[in-house]
Amino acid sequence: MSKPPDLVQGTLDALILQTLALEPLHGLAVAQRLRTRSGDVLGVSRGSLYPALHKLEQQGLLRAEWRIAESGKRAKYYSLTRAGRRHLAQEQREWERLSAAISLILKPT
Amino acid sequence: MGAPVGRDLPDSQTDVVSRMLTRWHARWSRLVDLSRPSRLEGDIDDELRFHFDEEVEAGLARGLTPEAARRAALDSLGGTPIRLREELRDARGVSLAYDFRRDVRHGVRLLRRDTGFTAVVLCTLAVAIGGVVAAFSLSDAWLFRPLRFPEANRLVVAFMANAKRPTEPALWMPYRAYLSWKESARSFSSVSAAFFRGATWQNGSDAKSLVGMRVTPEFFATLGVPAFRGRHLSASDSTAAPAIVLSHGFWQRELGGAITAIGSTITLSDVVYDIVGVMPPDFDVRLLDRPEGAAFWTLFRPGERGYEPGGLGPVTLLARLADGVTIDAARDEAAAIMTEAERAYPVNFTQPDAAGNRFVVNLSSLQHDNTRTLRATLLTVLGAALALLLIAAMNVGVLLLGRGLRRRGEVAVRHAIGAGRARLVRQFLTESLVLSAAGGTAGVALAWIAIRLFVMWNPLGTLPPDGIDIDLRALAAATAAMVTTTIVAGLIPAWRVSSSSLGASVRSGDGHRVSAPAQRAQWLMLVAQVAMSTLLLVCAALLVRTVLQLRSEPLGFATQGVWAAEVSLPMAGFPTARARNTFLERISAQLGGRPAVRAVAASTVAPLTGSAYVPVSLDSADSAATPRMSAPTITIGYFEALDIPLLAGRGFDRRDTAEGRPVVVLNARAAAQLFGGVDRALGRRLRLGDTTWREVIGVVGNVSTTFFNTLEWRMDPMVYRPAAQALAAVDNPEAAHVTLWLHVRAERTLVAEDIRAAAASVSPRAAVVSVQPIAEMVAAATRQPAFRMLLLLCFCAGSLLLAAAGIYGVVAQAVGERLREIAIRIALGAEPRVLVVSLVRSTVLAGMAGLGIGALLAVLLARVLQSMLYGVDAGDAISLTAAGLILLSVTVVAAAVPARRATNGAAVHLLKT
C-alpha cells in the first residue's frame with residue numbers, strides 16, 4: 001500500500017491556511033473547499049489532510065476548538081492564529097515571486 | 001492579508017517573539033497530550049468519526065447503498081481510521097512517548113514468549129551487574145571510603161620493614177623512635193605511639209580476654225576525635241593513679257552504658273583503673289588488619305620496661321601528616337631522623353642483623369595498614385568481577401545479535417508495511433532497555449543479597465568498621481556498561497535491516513542469512529569471551545594450587561586432636577615464676593589425669609607463632625651480628641604432646657629445675673645455623689641475651705609458624721627453654737599469658753568447660769581466655785587464600801557457563817539457518833560427521849584463538865598475583881594446561897551439541913517441509 005503522490009508539502013499547508021483565512025472550518029469542510037476550489041485538479045491528497053491539520057496546529061499556526069456543526073454534531077473547527085496569518089502572508093509572497101519568475105521564463109515575450 | 005507586520009518593531013524582532021510563542025504553544029500542547037493520552041485519542045477518534053459520519057450521510061443522501069456510502073466515506077478520509085490515527089499521532093509528536101509505552105509492552109510480550117532466551121540474558125545481566133556491584137561495594141568499604149576520622153587520609157602508621165620487602169611491616173618501632181620523631185620531625189603535626197595490651201576482664205565467674213592499647217597522651221589528639229563522655233587521657237595521668245578510657249562498645253556491653261561508670265573504677269587483670277572517659281561509637285582504631293578495634297586505652301606507665309628514654313619497647317607510631325606534606329616526604333624525613341638518633345646507641349637499627357637483613361621505616365596510611373592482607377583478596381575479587389562483567393557483556397551481545405538476526409523476517413515485514421528506520425531502531429532500543437532494566441534490578445537485588453550473606457558468613461573473619469553499603473557509582477557504571485552492550489547489540493540488526501534495501505530480504509528466498517559483518521562481530525565476541533575465561537581459569541588454577549600446597553605442607557607437629565587453651569595469669573595472683581610454675585604443674589596434673597587426655601603441656605607462645613626474638617650468642621660479648629631467634633618457654637612433655645620428633649639428645653625432664661644446670665633444646669634449623677648440624681650441637685653452650693651460659697641437651701624437628709600478613713609457612717630457628725628455668729621474664733607487666741596444649745584421644749572428647757573448671761579448681765584467679773582446636777587455627781591461617789580461591793572458582797564457573805552459552809547460541813543459530821542445506825547434503829549422501837566438523841570448525845577456531853590470547857594474557861597478568869601464590873610459579877605449566885584443556889572441551893562440547901542435533905534431525909525436517 002503506497003501513499004498517493006503528495007502535493008509539495010509546503011503547498012498543501014499554504015492551501016489549508018488560505019482556506020481557513022476566511023472563516024473557521026472543520027476538517028471535512030476544508031477538504032470539500034479544497035476540492036471545489038481547485039476544481040478537483042489537485043485531487044486533494046486524501047489521507048494527508050488531517051496529518052497536515054494536526055501538524056499545523058502543533059506548530060501553532062492553527063488553533064482548534066470543538067463546536068457544534070450545522071448537522072448538530074460536535075466537530076473540531078480550525079482557525080488561523082496570528083502566527084498562521086503571518087506565515088500565510090509570507091507563503092503568498094514567496095509564491096508570487098516564484099510564479100512571477102516561472103511566468104517570465106515560460107511566457108514568450 | 002494577515003496581521004499588520006511590524007507596527008513599531010522591526011520585522012525580525014516580531015519574528016523572534018512569534019517564534020518563541022509558537023514554540024511555547026507547541027510544547028504546551030504536547031504536554032497536555034502526553035499527560036492525557038486517552039483524551040487525545042478520543043479527540044482524534046471524534047474528529048475522524050465526524051468526517052466519516054457526515055460523508056456517509058451525504059452518500060446515503062446521494063442515494064448510495066450503505067456499503068457504498070461507507071466505502072466512499074473511507075475513501076474521502078484517505079485511509080483506515082487506525083492508520084490515520086497513527087499518522088496524526090506522528091504529526092503531533094506524541095508518538096515518542098506513546099510508542100515507548102507500546103514498545104515496552106511489545107518487548108515484554110516478546111521476551112515472555114522467548115522464555116529460554118530471556119532467562120539466560122537476564123541471569124547473565126543480573127550476575128554480572130550484581131557481581132561487580134557487590135565486589136566494588138566490598139572493596140569500597142575497606143579500601144576507598146575514608147576512615148571516620150577528621151582528614152583521615154593524613155593519618156599514618158609506622159613500622160620497621162625488612163629492606164628487601166619495604167612495604168611489609170616486619171618489626172615494631174622502638175619506643176625511642178617515638179621520642180626522636182616527636183622532638184624533631186616537621187612532617188607531622190602530631191605524633192603518638194601505641195601498642196596492644198591484652199587484659200582479662202573478670203565478670204563474675206566469666207573471664208574475657210580483651211585487647212586494649214597502651215598509648216601516649218597525644219594519641220586522641222592525633223586522631224582528632226573528642227571523647228563521647230568524660231575526657232581523654234592526659235600527660236598528668238601517667239604519674240597519677242592508673243586511668244583508662246573505654247570504647248563505646250565495651251561501655252555499652254559490659255557496663256550497660258551507665259553514665260555513673262565514668263569516675264568509678266574498673267579492674268582489668270587485677271589492676272584497678274579510674275574510668276575517665278568513653279570514646280564515641282564510631283571511634284574504631286585498628287592496627288595491622290585486626291578485625292576489631294581496641295576495647296580500652298591506657299597510658300604507658302613509668303617504669304614499664306622498654307618505655308623509658310632510649311627504650312626498645314615495641315610500639316607503632318601513629319602520626320598525622322602536617323599540611324601539604326606527602327607520605328613519601330614524611331617517610332624520608334622520619335627515616336633520616338631515626339638513623340641520626342640511632343647512632344647514639346651501640347646496638348641499633350642502622351646495622352644489619354646476623355642474617356644480613358637491613359631494616360627501614362615503613363610508613364603507610366592508617367587505611368592501608370588496616371587492609372594489608374585484605375587488599376590482595378579484595379582486588380582479586382574486583383578484578384574477577386570486572387572480567388565477568390566483560391564476559392557477560394560479550395555474551396549478551398552475542399545472544400542479542402543472534403536474536404536480532406533471527407528477527408530479520410519480522411523487521412522486514414514491519415519495514416514493508418511502513419515502519420521507518422527511526423521507528424524500528426526505537427523499537428529495538430526500547431526492547432534493549434526493558435531487558436537491561438530488568439537485569440539491572442535483578443543485579444541490585446543479587447548484590448544486596450550477596451552483601452548480606454557476606455556479612456553473615458564473614459568469610460574473611462573481619463568486617464569493615466563502617467559497614468557495607470551498595471555502592472551507587474559501581475551500580476551506575478556496571479549498569480551503563482550492560483545497557484550500552486544491550487543497546488548496541490540490540491540495534492545492529494535493526495540498523496542493518498532497515499538500511500539494506502527493502503527487497504533484499506524478500507528476494508532471497510530464506511531471508512534469514514546472517515550478514516558477514518554481524519557474523520564477524522559475533523566471532524570477535526566469542527574470541528574475547530574465551531580469552532577472558534581462560535585468564536580467570538588460569539588464575540583460579542594458580543590459587544587452587546596455592547591452597548593445596550599450603551594445606552599439604554607438613555607443619556612439623558600434630559594438628560589432629562590437639563587443642564590450645566589460652567590462660568591468663570594476672571601478676572597480682574601469680575607474682576613469681578615459682579607461683580606460675582606451680583599453677584602449670586597442678587593444672588597439667590589435673591587435666592593429664594583425665595582419661596580423654598593423652599598428653600598435656602604448656603608454653604609461652606601462642607599456637608602457630610614464634611616468641612619475641614632474643615639474641616643468641618656463642619661467645620661472651622653481644623654484637624650487632626648476634627643472631628636473634630625465637631625462644632619459647634615450654635613445660636616438660638611439650639614435644640610429646642605435639643608429636644614433635646626428637647632428633648638428638650633428650651627433651652626437658654625433672655632434672656632441669658630452677659636450681660639445676662641451665663639447659664636449652666634447639667630445633668634443627670637453629671642447630672644448623674648455630675653449630676652447622678644436628679649432631680654438632682649437643683653439649684655446646686650459648687647465651688640468650690644475658691650472662692647465663694646454657695647447655696644444648698637436645699635437638700628437635702622444625703615446626704611451622706606464620707607471620708601475620710605473609711602467605712607462607714616459616715620454619716624459623718628456635719631455642720626452647722624449660723619453664724622451670726625461664727618463666728621469670730614476662731613481657732606484659734600485668735599478666736602472663738600461657739598456652740595449654742592438650743592432645744585428646746581420638747575416641748574421647750573434651751569440652752572447653754572441662755578446661756575452665758580445671759583451671760578454676762586449681763586457682764580462681766587464673767582465667768581461661770580461649771579454647772580452640774589447632775586444626776581450626778591452621779584453617780584460619782589459610783583462610784584468605786582459601787577464600788580467594790573459592791571466589792575465583794565461583795567466578796570461573798560463571799564465566800565458563802556464559803562462554804558455553806555463547807558458543808552454543810552462535811552454533812545453534814548458524815545451524816538453524818543452514819538446516820535446509822544440511823538436509824539436502826545429507827540426502828545427497830554427505831557424512832554427518834564431516835558436516836558437524838564443518839559446522840563447528842569456525843567456532844572451535846574462535847575458541848582456540850581466544851585460548852591462545854587468554855593464555856598469553858594470563859602469563860603476563862599472573863605476575864600481579866605472585867604475592868598471593870605459594871609454592872607455585874605464576875607461569876605454572878600445570879595450571880595453564882589444566883585451564884586450556886577445560887576450556888577447549890567446553891568449547892567443543894558447546895559447539896558440537898547443536899551441530900549434532902541438526903545433522904540428526906535434518907532429514908526429518910526436510911521430509912516435513
# chains A, B, ... in the order shown; residues from 1 in each chain; ligands from 1
call {"tool": "select_by_dssp", "arguments": {"residues": "segment 100-182 of chain B", "states": "alpha helix (DSSP H)", "output": "NGL selection string"}}
result
:B and (100-113 or 115-139 or 175-182)
call {"tool": "write_last_selection", "arguments": {"atoms": "N, CA and C atoms", "output": "compact mmCIF listing (two decimals), in the first residue's frame"}}
result
# COMPACT_ATOMS: atom_id res chain seq x y z
N PHE B 100 6.83 4.46 22.99
CA PHE B 100 7.67 3.87 24.02
C PHE B 100 6.84 2.92 24.87
N ARG B 101 5.65 3.43 25.28
CA ARG B 101 4.83 2.56 26.11
C ARG B 101 4.40 1.32 25.36
N ARG B 102 4.10 1.53 24.08
CA ARG B 102 3.64 0.39 23.31
C ARG B 102 4.79 -0.60 23.08
N ASP B 103 5.99 -0.02 22.81
CA ASP B 103 7.15 -0.88 22.58
C ASP B 103 7.51 -1.66 23.83
N VAL B 104 7.38 -0.98 24.98
CA VAL B 104 7.67 -1.69 26.23
C VAL B 104 6.76 -2.90 26.34
N ARG B 105 5.47 -2.65 26.04
CA ARG B 105 4.53 -3.77 26.14
C ARG B 105 4.87 -4.86 25.15
N HIS B 106 5.16 -4.42 23.94
CA HIS B 106 5.52 -5.37 22.89
C HIS B 106 6.77 -6.16 23.30
N GLY B 107 7.76 -5.39 23.80
CA GLY B 107 9.02 -6.03 24.19
C GLY B 107 8.81 -7.05 25.28
N VAL B 108 8.05 -6.67 26.31
CA VAL B 108 7.80 -7.59 27.42
C VAL B 108 7.11 -8.85 26.90
N ARG B 109 6.15 -8.63 25.96
CA ARG B 109 5.43 -9.78 25.42
C ARG B 109 6.38 -10.72 24.69
N LEU B 110 7.24 -10.13 23.85
CA LEU B 110 8.18 -10.95 23.09
C LEU B 110 9.11 -11.71 24.02
N LEU B 111 9.61 -11.00 25.05
CA LEU B 111 10.57 -11.61 25.96
C LEU B 111 9.92 -12.75 26.74
N ARG B 112 8.62 -12.55 27.06
CA ARG B 112 7.97 -13.61 27.82
C ARG B 112 7.72 -14.83 26.96
N ARG B 113 7.57 -14.59 25.65
CA ARG B 113 7.35 -15.72 24.76
C ARG B 113 8.62 -16.53 24.62
N THR B 115 11.10 -17.62 26.50
CA THR B 115 11.49 -17.77 27.90
C THR B 115 12.97 -18.12 28.06
N GLY B 116 13.43 -19.08 27.28
CA GLY B 116 14.82 -19.54 27.44
C GLY B 116 15.79 -18.41 27.23
N PHE B 117 15.61 -17.73 26.13
CA PHE B 117 16.50 -16.62 25.80
C PHE B 117 16.47 -15.57 26.91
N THR B 118 15.25 -15.19 27.30
CA THR B 118 15.12 -14.15 28.32
C THR B 118 15.79 -14.56 29.62
N ALA B 119 15.57 -15.81 30.02
CA ALA B 119 16.15 -16.27 31.28
C ALA B 119 17.67 -16.17 31.22
N VAL B 120 18.24 -16.63 30.11
CA VAL B 120 19.70 -16.62 30.00
C VAL B 120 20.22 -15.19 30.05
N VAL B 121 19.62 -14.31 29.27
CA VAL B 121 20.12 -12.93 29.23
C VAL B 121 19.93 -12.24 30.58
N LEU B 122 18.77 -12.45 31.19
CA LEU B 122 18.52 -11.80 32.48
C LEU B 122 19.49 -12.30 33.54
N CYS B 123 19.69 -13.63 33.57
CA CYS B 123 20.63 -14.18 34.56
C CYS B 123 22.02 -13.60 34.33
N THR B 124 22.42 -13.54 33.05
CA THR B 124 23.74 -13.01 32.75
C THR B 124 23.86 -11.58 33.23
N LEU B 125 22.88 -10.77 32.87
CA LEU B 125 22.92 -9.36 33.28
C LEU B 125 22.94 -9.25 34.80
N ALA B 126 22.07 -10.02 35.45
CA ALA B 126 21.95 -9.91 36.91
C ALA B 126 23.25 -10.33 37.58
N VAL B 127 23.82 -11.46 37.13
CA VAL B 127 25.04 -11.95 37.76
C VAL B 127 26.18 -10.95 37.55
N ALA B 128 26.27 -10.44 36.33
CA ALA B 128 27.38 -9.52 36.05
C ALA B 128 27.24 -8.24 36.84
N ILE B 129 26.06 -7.63 36.78
CA ILE B 129 25.87 -6.37 37.50
C ILE B 129 25.97 -6.61 39.00
N GLY B 130 25.28 -7.65 39.47
CA GLY B 130 25.34 -7.96 40.90
C GLY B 130 26.76 -8.22 41.37
N GLY B 131 27.51 -8.98 40.58
CA GLY B 131 28.88 -9.32 40.96
C GLY B 131 29.75 -8.08 41.08
N VAL B 132 29.68 -7.24 40.07
CA VAL B 132 30.52 -6.05 40.10
C VAL B 132 30.11 -5.13 41.24
N VAL B 133 28.82 -4.96 41.41
CA VAL B 133 28.36 -4.04 42.46
C VAL B 133 28.77 -4.57 43.84
N ALA B 134 28.56 -5.87 44.05
CA ALA B 134 28.94 -6.43 45.36
C ALA B 134 30.44 -6.33 45.57
N ALA B 135 31.21 -6.71 44.56
CA ALA B 135 32.67 -6.68 44.71
C ALA B 135 33.15 -5.26 44.96
N PHE B 136 32.58 -4.32 44.22
CA PHE B 136 33.05 -2.96 44.40
C PHE B 136 32.60 -2.39 45.73
N SER B 137 31.40 -2.73 46.15
CA SER B 137 30.93 -2.22 47.43
C SER B 137 31.80 -2.73 48.57
N LEU B 138 32.18 -4.02 48.48
CA LEU B 138 33.07 -4.58 49.49
C LEU B 138 34.41 -3.85 49.49
N SER B 139 34.98 -3.69 48.30
CA SER B 139 36.29 -3.04 48.21
C SER B 139 36.19 -1.62 48.73
N TYR B 175 60.41 2.23 71.07
CA TYR B 175 59.79 3.39 71.73
C TYR B 175 60.63 4.64 71.54
N ARG B 176 61.96 4.47 71.48
CA ARG B 176 62.80 5.67 71.40
C ARG B 176 62.62 6.40 70.07
N ALA B 177 62.15 5.70 69.02
CA ALA B 177 61.88 6.39 67.76
C ALA B 177 60.75 7.41 67.93
N TYR B 178 59.78 7.04 68.77
CA TYR B 178 58.68 7.97 69.05
C TYR B 178 59.23 9.27 69.63
N LEU B 179 60.17 9.10 70.59
CA LEU B 179 60.72 10.29 71.23
C LEU B 179 61.48 11.16 70.23
N SER B 180 62.27 10.51 69.35
CA SER B 180 63.08 11.31 68.42
C SER B 180 62.19 11.97 67.36
N TRP B 181 61.17 11.27 66.90
CA TRP B 181 60.27 11.89 65.90
C TRP B 181 59.52 13.05 66.51
N LYS B 182 59.06 12.83 67.73
CA LYS B 182 58.27 13.86 68.39
C LYS B 182 59.10 15.12 68.56
call {"tool": "closest_atom_pairs", "arguments": {"of": "chain A", "to": "chain B", "cutoff": "6 Å", "atoms": "only C-alpha atoms", "output": "Markdown table"}}
result
| residue | atom | partner | partner_atom | distance |
| --- | --- | --- | --- | --- |
| A:Leu28 | CA | B:His51 | CA | 5.5 |
| A:Arg46 | CA | B:Gly78 | CA | 4.3 |
| A:Gly47 | CA | B:Gly78 | CA | 3.7 |
| A:Pro51 | CA | B:Leu88 | CA | 4.9 |
| A:Lys55 | CA | B:Ala91 | CA | 5.0 |
| A:Gln58 | CA | B:Ala26 | CA | 5.3 |
| A:Gln59 | CA | B:Ala26 | CA | 5.7 |
| A:Gly60 | CA | B:Thr22 | CA | 5.1 |
| A:Arg85 | CA | B:Gly2 | CA | 4.4 |
| A:Arg86 | CA | B:Gly2 | CA | 5.5 |
| A:Ala89 | CA | B:Gly2 | CA | 6.0 |
call {"tool": "write_last_selection", "arguments": {"atoms": "C-alpha atoms", "output": "mmCIF file, in the first residue's frame"}}
result
data_model
loop_
_atom_site.group_PDB
_atom_site.id
_atom_site.type_symbol
_atom_site.label_atom_id
_atom_site.label_comp_id
_atom_site.auth_asym_id
_atom_site.auth_seq_id
_atom_site.Cartn_x
_atom_site.Cartn_y
_atom_site.Cartn_z
ATOM 1 C CA LEU A 28 -14.424 17.810 6.232
ATOM 2 C CA ARG A 46 -6.731 12.249 0.647
ATOM 3 C CA GLY A 47 -5.242 10.965 3.846
ATOM 4 C CA PRO A 51 -1.999 14.937 9.435
ATOM 5 C CA LYS A 55 0.873 19.371 12.254
ATOM 6 C CA GLN A 58 1.115 21.614 16.597
ATOM 7 C CA GLN A 59 3.239 24.332 15.029
ATOM 8 C CA GLY A 60 0.920 26.971 16.421
ATOM 9 C CA ARG A 85 -1.704 34.661 9.270
ATOM 10 C CA ARG A 86 1.848 35.906 9.150
ATOM 11 C CA ALA A 89 1.354 36.173 4.048
#
call {"tool": "residues_around", "arguments": {"residues": "Leu25 of chain A", "least_positions_apart": "6", "cutoff": "7 Å", "atoms": "only C-alpha atoms", "output": "JSON, numbers by chain"}}
result
{"A": [77, 78, 79]}
call {"tool": "residues_around", "arguments": {"residues": "Gln590 of chain B", "least_positions_apart": "2", "cutoff": "10 Å", "atoms": "only C-alpha atoms", "output": "ChimeraX atom specification"}}
result
/B:584-588,592-594,600,755,758-759,761-762
call {"tool": "write_last_selection", "arguments": {"atoms": "N, CA and C atoms", "output": "PDB file, in the first residue's frame"}}
result
ATOM      1  N   LEU B 584      51.049 -24.232  86.597  1.00  0.00           N
ATOM      2  CA  LEU B 584      51.135 -25.038  85.377  1.00  0.00           C
ATOM      3  C   LEU B 584      51.268 -26.521  85.720  1.00  0.00           C
ATOM      4  N   GLU B 585      52.065 -26.809  86.733  1.00  0.00           N
ATOM      5  CA  GLU B 585      52.247 -28.221  87.117  1.00  0.00           C
ATOM      6  C   GLU B 585      50.936 -28.814  87.605  1.00  0.00           C
ATOM      7  N   ARG B 586      50.230 -28.031  88.426  1.00  0.00           N
ATOM      8  CA  ARG B 586      48.986 -28.567  89.004  1.00  0.00           C
ATOM      9  C   ARG B 586      47.927 -28.785  87.939  1.00  0.00           C
ATOM     10  N   ILE B 587      47.782 -27.802  87.059  1.00  0.00           N
ATOM     11  CA  ILE B 587      46.707 -27.961  86.077  1.00  0.00           C
ATOM     12  C   ILE B 587      47.074 -29.053  85.087  1.00  0.00           C
ATOM     13  N   SER B 588      48.362 -29.198  84.794  1.00  0.00           N
ATOM     14  CA  SER B 588      48.775 -30.286  83.900  1.00  0.00           C
ATOM     15  C   SER B 588      48.438 -31.628  84.526  1.00  0.00           C
ATOM     16  N   GLY B 592      45.884 -33.937  82.852  1.00  0.00           N
ATOM     17  CA  GLY B 592      46.562 -35.131  82.347  1.00  0.00           C
ATOM     18  C   GLY B 592      45.999 -36.401  82.953  1.00  0.00           C
ATOM     19  N   GLY B 593      45.364 -36.263  84.146  1.00  0.00           N
ATOM     20  CA  GLY B 593      44.811 -37.443  84.793  1.00  0.00           C
ATOM     21  C   GLY B 593      43.496 -37.892  84.176  1.00  0.00           C
ATOM     22  N   ARG B 594      42.915 -37.097  83.325  1.00  0.00           N
ATOM     23  CA  ARG B 594      41.632 -37.478  82.726  1.00  0.00           C
ATOM     24  C   ARG B 594      41.835 -38.519  81.642  1.00  0.00           C
ATOM     25  N   VAL B 600      49.466 -33.451  78.004  1.00  0.00           N
ATOM     26  CA  VAL B 600      49.205 -32.037  78.200  1.00  0.00           C
ATOM     27  C   VAL B 600      50.513 -31.336  78.513  1.00  0.00           C
ATOM     28  N   ILE B 755      38.111 -27.611  80.785  1.00  0.00           N
ATOM     29  CA  ILE B 755      39.369 -26.894  80.989  1.00  0.00           C
ATOM     30  C   ILE B 755      39.157 -25.719  81.935  1.00  0.00           C
ATOM     31  N   ALA B 758      38.795 -27.023  85.425  1.00  0.00           N
ATOM     32  CA  ALA B 758      40.082 -27.455  85.975  1.00  0.00           C
ATOM     33  C   ALA B 758      40.896 -26.253  86.421  1.00  0.00           C
ATOM     34  N   ALA B 759      40.921 -25.214  85.569  1.00  0.00           N
ATOM     35  CA  ALA B 759      41.700 -24.023  85.912  1.00  0.00           C
ATOM     36  C   ALA B 759      41.136 -23.373  87.174  1.00  0.00           C
ATOM     37  N   SER B 761      39.506 -24.781  89.548  1.00  0.00           N
ATOM     38  CA  SER B 761      39.732 -25.574  90.744  1.00  0.00           C
ATOM     39  C   SER B 761      41.177 -25.444  91.224  1.00  0.00           C
ATOM     40  N   VAL B 762      42.096 -25.203  90.290  1.00  0.00           N
ATOM     41  CA  VAL B 762      43.496 -25.034  90.711  1.00  0.00           C
ATOM     42  C   VAL B 762      43.697 -23.651  91.294  1.00  0.00           C
TER      43      VAL B 762
END
call {"tool": "atom_distance", "arguments": {"atom1": "atom CA of Met173 of chain B", "atom2": "atom CA of Pro314 of chain B"}}
result
5.7 Å
call {"tool": "residues_around", "arguments": {"residues": "Leu429 of chain B", "least_positions_apart": "2", "cutoff": "9 Å", "atoms": "only C-alpha atoms", "output": "MDAnalysis selection string"}}
result
chainID B and resid 424:427 431:434 486:488 490:491
call {"tool": "residues_around", "arguments": {"residues": "Asn395 of chain B", "least_positions_apart": "2", "cutoff": "9 Å", "atoms": "only C-alpha atoms", "output": "MDAnalysis selection string"}}
result
chainID B and resid 121 124 390:393 397:400 525:526 529 802:803 805:807
call {"tool": "write_last_selection", "arguments": {"atoms": "C-alpha atoms", "output": "PDB file, in the first residue's frame"}}
result
ATOM      1  CA  VAL B 121      20.125 -12.930  29.230  1.00  0.00           C
ATOM      2  CA  THR B 124      23.741 -13.014  32.746  1.00  0.00           C
ATOM      3  CA  LEU B 390      33.243  -8.176  30.302  1.00  0.00           C
ATOM      4  CA  ILE B 391      32.405 -11.790  29.559  1.00  0.00           C
ATOM      5  CA  ALA B 392      28.767 -11.170  30.356  1.00  0.00           C
ATOM      6  CA  ALA B 393      28.680  -8.135  28.089  1.00  0.00           C
ATOM      7  CA  GLY B 397      25.994  -9.116  22.829  1.00  0.00           C
ATOM      8  CA  VAL B 398      26.322 -12.478  21.085  1.00  0.00           C
ATOM      9  CA  LEU B 399      22.858 -13.572  22.170  1.00  0.00           C
ATOM     10  CA  LEU B 400      21.114 -10.326  21.267  1.00  0.00           C
ATOM     11  CA  MET B 525      32.988 -11.531  20.827  1.00  0.00           C
ATOM     12  CA  LEU B 526      33.467 -15.269  21.144  1.00  0.00           C
ATOM     13  CA  GLN B 529      34.891 -14.241  25.840  1.00  0.00           C
ATOM     14  CA  LEU B 802      28.462 -17.896  29.994  1.00  0.00           C
ATOM     15  CA  ALA B 803      31.069 -18.819  27.423  1.00  0.00           C
ATOM     16  CA  ALA B 805      26.016 -20.471  26.447  1.00  0.00           C
ATOM     17  CA  GLY B 806      27.504 -18.009  23.973  1.00  0.00           C
ATOM     18  CA  ILE B 807      29.173 -20.695  21.889  1.00  0.00           C
TER      19      ILE B 807
END
call {"tool": "residues_around", "arguments": {"residues": "Ala52 of chain A", "least_positions_apart": "4", "cutoff": "8 Å", "atoms": "only C-alpha atoms", "output": "compact mmCIF listing (two decimals) with C-alpha atoms, in the first residue's frame"}}
result
# COMPACT_ATOMS: atom_id res chain seq x y z
CA LEU A 12 -0.76 21.84 0.93
CA ASP A 13 -0.01 23.80 4.08
CA SER A 48 -2.76 13.78 4.14
CA LEU A 56 -0.13 23.00 11.65
CA ALA B 91 2.18 14.64 13.32
call {"tool": "select_by_dssp", "arguments": {"residues": "chain A", "states": "strand (DSSP E or B)", "output": "list in words"}}
result
Leu25, His26, Leu62, Arg63, Ala64, Glu65, Trp66, Arg67, Ile68, Arg74, Ala75, Lys76, Tyr77, Tyr78, Ser79 and Leu80 of chain A
call {"tool": "closest_residue", "arguments": {"among": "B:Asn904, B:Gln673, B:Gln772, B:Gln784", "to": "Leu460 of chain B", "atoms": "only C-alpha atoms"}}
result
B:Gln784
call {"tool": "closest_residue", "arguments": {"among": "A:Leu53, A:Ile105, A:Leu22, A:Leu17", "to": "His87 of chain A", "atoms": "only C-alpha atoms"}}
result
A:Leu17
call {"tool": "atom_distance", "arguments": {"atom1": "atom CA of Val864 of chain B", "atom2": "atom CA of Ala883 of chain B"}}
result
18.3 Å
call {"tool": "closest_residue", "arguments": {"among": "B:Ile244, B:Leu318, B:Val211, B:Cys539", "to": "Val278 of chain B", "atoms": "only C-alpha atoms"}}
result
B:Ile244
call {"tool": "atom_distance", "arguments": {"atom1": "atom CA of Trp201 of chain B", "atom2": "atom CA of Glu292 of chain B"}}
result
17.1 Å
